[in-house]
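Notes for the one structure printed next.
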Amino acid sequence: MSEELNAHVIDHPLIQHKLTLMRDKTTGTKDFRELLEEIAMLMAYEITRDFPLKEIEIETPVAKCKAKVLAGKKVGVVPILRAGLGMLNGVVNMIPAARVGHVGMYRDPKTLKPVEYYCKLPNDVAERTLIVVDPMLATGGSASAALSLLKEKGAKSLILMCLVAAPEGIRVINKEHPDVPLYVAAIDEKLNEKGYIVPGLGDAGDRIFGTL
Ligand SMILES: O=P(O)(O)OC[C@H]1O[C@H](OP(=O)(O)OP(=O)(O)O)[C@H](O)[C@@H]1O
Ligand SMILES: O=c1cc[nH]c(=O)[nH]1
Ligand SMILES: [Mg+2]
């Protein structure tokens with residue numbers, strides 16, 4: 001029996017095309033960064049598709065009318081440092097009023113366990129829907145630890161948005177955070193012995209910031 005991975009795959013052709021360019025090892029830092037921002041914008045457009053609306057009354061230059069505006073919770077965006085920063089502007093371009101929190105997490109290269117080193121959040125996280133962004137979901141350790149930290153700080157409504165995920169990482173999020181909807185642009189094959197996603201795109205942080 002095939003196992004069910006609970007993730008929304010946003011397979012819009014524009015996203016898939018841009019992701020292929022990002023995967024290519026000959027793509028340099030400038031293009032990699034721009035592509036990630038563009039994809040994040042397109043993904044934000046898709047994940048907000050079901051956000052609730054309400055009707056208000058306005059007056060256009062021509063007539064009074066009822067028109068729709070967003071009705072749900074206010075939004076916060078939380079990039080997981082460093083690589084999550086590469087998705088921040090794309091989301092904020094779509095949701096300009098969003099507050100931004102930062103969670104610093106790096107993965108110990110030997111143990112592959114996440115190490116937290118920074119956390120600064122808006123003071124009203126409990127009243128917001130937080131979109132947590134990180135391009136890579138590998139073992140799932142970093143994203144799971146970030147979600148746990150945000151819950152400890154009072155967050156009640158969370159969405160996780162990643163670019164590329166390994167099945168291992170999706171399983172961890174499904175198990176440890178079944179309440180958190182997960183959106184990805186692609187589910188790759190597996191992790192290699194160093195915990196890198198295969199085929200993946202390499203180290204996202206290093207490719208965004210040119211620290212290879
Ligand atoms: O699912 P995991 O196995 O935890 O791996 C994924 C994490 O690894 C990368 O961060 P990295 O540790 O390279 O830090 P960086 O963003 O500073 O480069 C990536 O951006 C994720 O945060
Ligand atoms: O493939 C991977 C795995 C973890 N972090 C990355 O940046 N890439
Ligand atoms: Mg990295």
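Going by the structure tokens order, chains are called A, B, ..., each with residues numbered from 1, while ligands are numbered from 1 in the order shown.
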Report task. List all protein, DNA and RNA residues that have an atom no more than 12 Å from any atom of ligand 3, counting only C-alpha atoms and all ligand atoms, and report them as a PyMOL selection string. Result -> chain A and resi 80-86+104-109+112+114+134-138+142+195-196+201-212
Saved selection, atoms kept: N, CA, C and O atoms, as a CSV table (one decimal), in the first residue's frame:
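Saved file again-v5.csv follows:
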```csv
chain,number,residue,atom,x,y,z
A,80,ILE,N,12.8,31.2,8.0
A,80,ILE,CA,13.8,30.5,8.8
A,80,ILE,C,15.1,30.8,8.2
A,80,ILE,O,15.4,30.5,7.1
A,81,LEU,N,15.9,31.5,9.1
A,81,LEU,CA,17.2,32.0,8.6
A,81,LEU,C,18.2,30.8,8.4
A,81,LEU,O,18.1,29.8,9.2
A,82,ARG,N,19.1,31.0,7.4
A,82,ARG,CA,19.2,32.1,6.5
A,82,ARG,C,18.3,31.9,5.3
A,82,ARG,O,17.8,32.9,4.8
A,83,ALA,N,18.2,30.7,4.8
A,83,ALA,CA,17.7,30.5,3.4
A,83,ALA,C,16.3,31.0,3.2
A,83,ALA,O,15.9,31.5,2.2
A,84,GLY,N,15.5,31.0,4.3
A,84,GLY,CA,14.1,31.4,4.2
A,84,GLY,C,14.0,32.9,3.8
A,84,GLY,O,13.0,33.3,3.3
A,85,LEU,N,15.1,33.7,4.1
A,85,LEU,CA,15.1,35.1,3.7
A,85,LEU,C,14.9,35.2,2.2
A,85,LEU,O,14.4,36.2,1.7
A,86,GLY,N,15.4,34.2,1.5
A,86,GLY,CA,15.2,34.3,0.0
A,86,GLY,C,13.8,34.3,-0.5
A,86,GLY,O,13.5,34.6,-1.6
A,104,GLY,N,16.1,31.9,13.6
A,104,GLY,CA,17.4,31.5,13.1
A,104,GLY,C,17.6,30.0,13.5
A,104,GLY,O,17.5,29.7,14.7
A,105,MET,N,17.9,29.2,12.5
A,105,MET,CA,18.1,27.8,12.7
A,105,MET,C,19.1,27.3,11.8
A,105,MET,O,19.1,27.6,10.6
A,106,TYR,N,20.1,26.6,12.2
A,106,TYR,CA,21.0,26.0,11.3
A,106,TYR,C,21.1,24.5,11.6
A,106,TYR,O,20.9,24.1,12.7
A,107,ARG,N,21.4,23.7,10.6
A,107,ARG,CA,21.4,22.3,10.7
A,107,ARG,C,22.9,21.9,11.0
A,107,ARG,O,23.7,22.2,10.2
A,108,ASP,N,23.1,21.2,12.1
A,108,ASP,CA,24.5,20.7,12.4
A,108,ASP,C,24.9,19.7,11.3
A,108,ASP,O,24.1,18.8,11.1
A,109,PRO,N,26.0,20.0,10.6
A,109,PRO,CA,26.3,19.1,9.5
A,109,PRO,C,26.6,17.7,9.9
A,109,PRO,O,26.4,16.8,9.1
A,112,LEU,N,22.9,16.5,11.8
A,112,LEU,CA,21.7,17.0,11.0
A,112,LEU,C,20.6,17.5,11.9
A,112,LEU,O,19.5,17.7,11.5
A,114,PRO,N,18.7,20.4,14.2
A,114,PRO,CA,18.6,21.9,14.1
A,114,PRO,C,19.1,22.5,15.3
A,114,PRO,O,19.0,22.0,16.4
A,134,ASP,N,10.8,28.5,4.2
A,134,ASP,CA,12.2,27.9,4.1
A,134,ASP,C,12.2,27.1,2.8
A,134,ASP,O,11.3,26.3,2.5
A,135,PRO,N,13.2,27.4,1.9
A,135,PRO,CA,13.1,26.7,0.6
A,135,PRO,C,13.3,25.2,0.7
A,135,PRO,O,12.7,24.5,-0.1
A,136,MET,N,14.0,24.7,1.7
A,136,MET,CA,14.4,23.3,1.8
A,136,MET,C,13.8,22.6,3.0
A,136,MET,O,14.0,23.0,4.1
A,137,LEU,N,13.0,21.5,2.7
A,137,LEU,CA,12.5,20.6,3.8
A,137,LEU,C,13.2,19.3,3.6
A,137,LEU,O,12.8,18.5,2.8
A,138,ALA,N,14.3,19.0,4.3
A,138,ALA,CA,15.1,17.8,4.1
A,138,ALA,C,14.7,16.8,5.1
A,138,ALA,O,13.8,16.0,4.9
A,142,SER,N,14.6,21.2,11.0
A,142,SER,CA,14.6,22.7,11.2
A,142,SER,C,13.2,23.2,11.2
A,142,SER,O,12.8,24.0,12.1
A,195,GLY,N,22.4,14.1,4.0
A,195,GLY,CA,21.1,14.8,4.4
A,195,GLY,C,20.7,15.8,3.3
A,195,GLY,O,19.8,16.6,3.6
A,196,TYR,N,21.3,15.8,2.1
A,196,TYR,CA,20.9,16.7,1.1
A,196,TYR,C,19.8,16.1,0.2
A,196,TYR,O,19.7,14.8,0.0
A,201,LEU,N,18.6,21.0,-5.1
A,201,LEU,CA,19.2,22.1,-5.8
A,201,LEU,C,20.5,22.5,-5.1
A,201,LEU,O,21.1,23.6,-5.3
A,202,GLY,N,21.0,21.6,-4.2
A,202,GLY,CA,22.2,21.9,-3.4
A,202,GLY,C,21.8,22.7,-2.1
A,202,GLY,O,20.7,22.5,-1.6
A,203,ASP,N,22.8,23.4,-1.6
A,203,ASP,CA,22.6,24.2,-0.4
A,203,ASP,C,21.9,25.5,-0.7
A,203,ASP,O,22.6,26.4,-1.3
A,204,ALA,N,20.7,25.7,-0.4
A,204,ALA,CA,19.9,26.9,-0.8
A,204,ALA,C,20.5,28.1,-0.2
A,204,ALA,O,20.7,29.1,-0.9
A,205,GLY,N,20.9,28.1,1.1
A,205,GLY,CA,21.5,29.3,1.7
A,205,GLY,C,22.8,29.7,1.0
A,205,GLY,O,23.0,30.9,0.7
A,206,ASP,N,23.6,28.8,0.7
A,206,ASP,CA,24.9,29.1,0.0
A,206,ASP,C,24.6,29.6,-1.4
A,206,ASP,O,25.3,30.6,-1.8
A,207,ARG,N,23.6,29.1,-2.1
A,207,ARG,CA,23.4,29.6,-3.4
A,207,ARG,C,22.7,31.0,-3.4
A,207,ARG,O,23.0,31.8,-4.3
A,208,ILE,N,21.9,31.2,-2.4
A,208,ILE,CA,21.3,32.6,-2.3
A,208,ILE,C,22.3,33.6,-2.0
A,208,ILE,O,22.3,34.7,-2.6
A,209,PHE,N,23.2,33.3,-1.0
A,209,PHE,CA,24.1,34.3,-0.5
A,209,PHE,C,25.5,34.3,-1.1
A,209,PHE,O,26.4,35.0,-0.7
A,210,GLY,N,25.7,33.3,-2.0
A,210,GLY,CA,27.1,33.2,-2.6
A,210,GLY,C,28.2,32.8,-1.6
A,210,GLY,O,29.3,33.3,-1.7
A,211,THR,N,27.8,31.9,-0.7
A,211,THR,CA,28.8,31.5,0.3
A,211,THR,C,29.3,30.1,0.0
A,211,THR,O,29.9,29.4,0.9
A,212,LEU,N,29.2,29.6,-1.2
A,212,LEU,CA,29.6,28.3,-1.6
A,212,LEU,C,31.1,28.1,-1.4
A,212,LEU,O,31.9,29.0,-1.6
```
Requested in this report: Enumerate as an NGL selection string all residues of chain A assigned to strand (DSSP E or B) by DSSP on the backbone, naming them with the chain letters and numbers the document uses.
Outcome: :A and (8-9 or 53-59 or 64-70 or 74-81 or 99-100 or 102-107 or 114-120 or 128-133 or 136-137 or 157-165 or 182-187 or 190-191 or 197-198)
Requested in this report: Quick one: pick out all helix (DSSP H, G or I) residues within range 23-207 of chain A from a backbone DSSP run and write them as a PyMOL selection string.
Outcome: chain A and resi 23+29-47+85-94+125-127+141-152+167-176+204-207
Query - Spatial neighbours of Ala165 in chain A, 12 Å, only C-alpha atoms, chain gap at least 6 places, as a ChimeraX atom specification - result: /A:5-9,134-140,143,171-173,182-191,195-201
Write out the residues from the selection above, keeping C-alpha atoms, as a short mmCIF file (atom, residue, chain, number, x, y, z; two decimals), in the first residue's frame.
```cif
data_model
loop_
_atom_site.label_atom_id
_atom_site.label_comp_id
_atom_site.auth_asym_id
_atom_site.auth_seq_id
_atom_site.Cartn_x
_atom_site.Cartn_y
_atom_site.Cartn_z
CA LEU A 5 2.28 12.26 2.08
CA ASN A 6 0.14 15.14 3.20
CA ALA A 7 1.40 18.14 1.25
CA HIS A 8 -0.14 20.51 -1.28
CA VAL A 9 2.07 20.49 -4.36
CA ASP A 134 12.15 27.94 4.08
CA PRO A 135 13.13 26.70 0.60
CA MET A 136 14.37 23.29 1.77
CA LEU A 137 12.52 20.64 3.79
CA ALA A 138 15.08 17.83 4.11
CA THR A 139 14.95 15.78 7.34
CA GLY A 140 12.25 18.20 8.50
CA ALA A 143 11.05 23.38 10.10
CA ARG A 171 6.56 12.71 7.11
CA VAL A 172 8.11 14.54 10.07
CA ILE A 173 5.89 17.61 9.61
CA LEU A 182 2.26 22.24 4.13
CA TYR A 183 2.73 23.73 0.65
CA VAL A 184 5.63 22.74 -1.60
CA ALA A 185 6.58 23.28 -5.24
CA ALA A 186 8.09 19.79 -5.58
CA ILE A 187 8.50 16.52 -3.72
CA ASP A 188 11.88 15.03 -4.60
CA GLU A 189 13.08 11.45 -4.42
CA LYS A 190 15.10 11.10 -1.23
CA LEU A 191 17.91 12.36 1.01
CA GLY A 195 21.12 14.79 4.36
CA TYR A 196 20.88 16.70 1.06
CA ILE A 197 17.76 16.44 -1.04
CA VAL A 198 18.21 14.37 -4.23
CA PRO A 199 18.09 15.73 -6.89
CA GLY A 200 17.31 18.97 -5.00
CA LEU A 201 19.24 22.12 -5.80
#
```
Report summary line: Judged by only C-alpha atoms, the minimum distance to Lys18 in chain A among A:Tyr117, A:Phe51, A:Tyr45, A:Phe32 is found for A:Phe32
Query raised in the report: Taking into account only C-alpha atoms and all ligand atoms, which residue in the set A:Asn93, A:Thr20, A:Thr129, A:Asn192 is nearest to ligand 2?
Result: A:Asn192
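Residue neighbourhood of range 15-17 of chain A, excluding near-sequence residues (fewer than 2 positions): Val9, Ile10, Asp11, His12, Pro13, Leu19, Thr20, Leu21, Met22, Arg23, Asp24, Leu35, Leu36, Glu37, Glu38, Ile39, Ala40, Met41, Leu42, Met43, Ala44, Tyr45, Glu46, Leu163, Val164, Val184, Ala185, Ala186 and Ile187 of chain A, at 12 Å, using only C-alpha atoms.
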**Report entry** Selection near Lys153 in chain A, 8 Å with only C-alpha atoms, sequence-local residues under 3 positions removed, as a PyMOL selection string
**Finding:** chain A and resi 125+149-150
Report summary line: Counting only C-alpha atoms and all ligand atoms, closest pick from A:Glu116, A:Asp31, A:Glu127, A:Glu55 relative to ligand 1 is A:Glu116
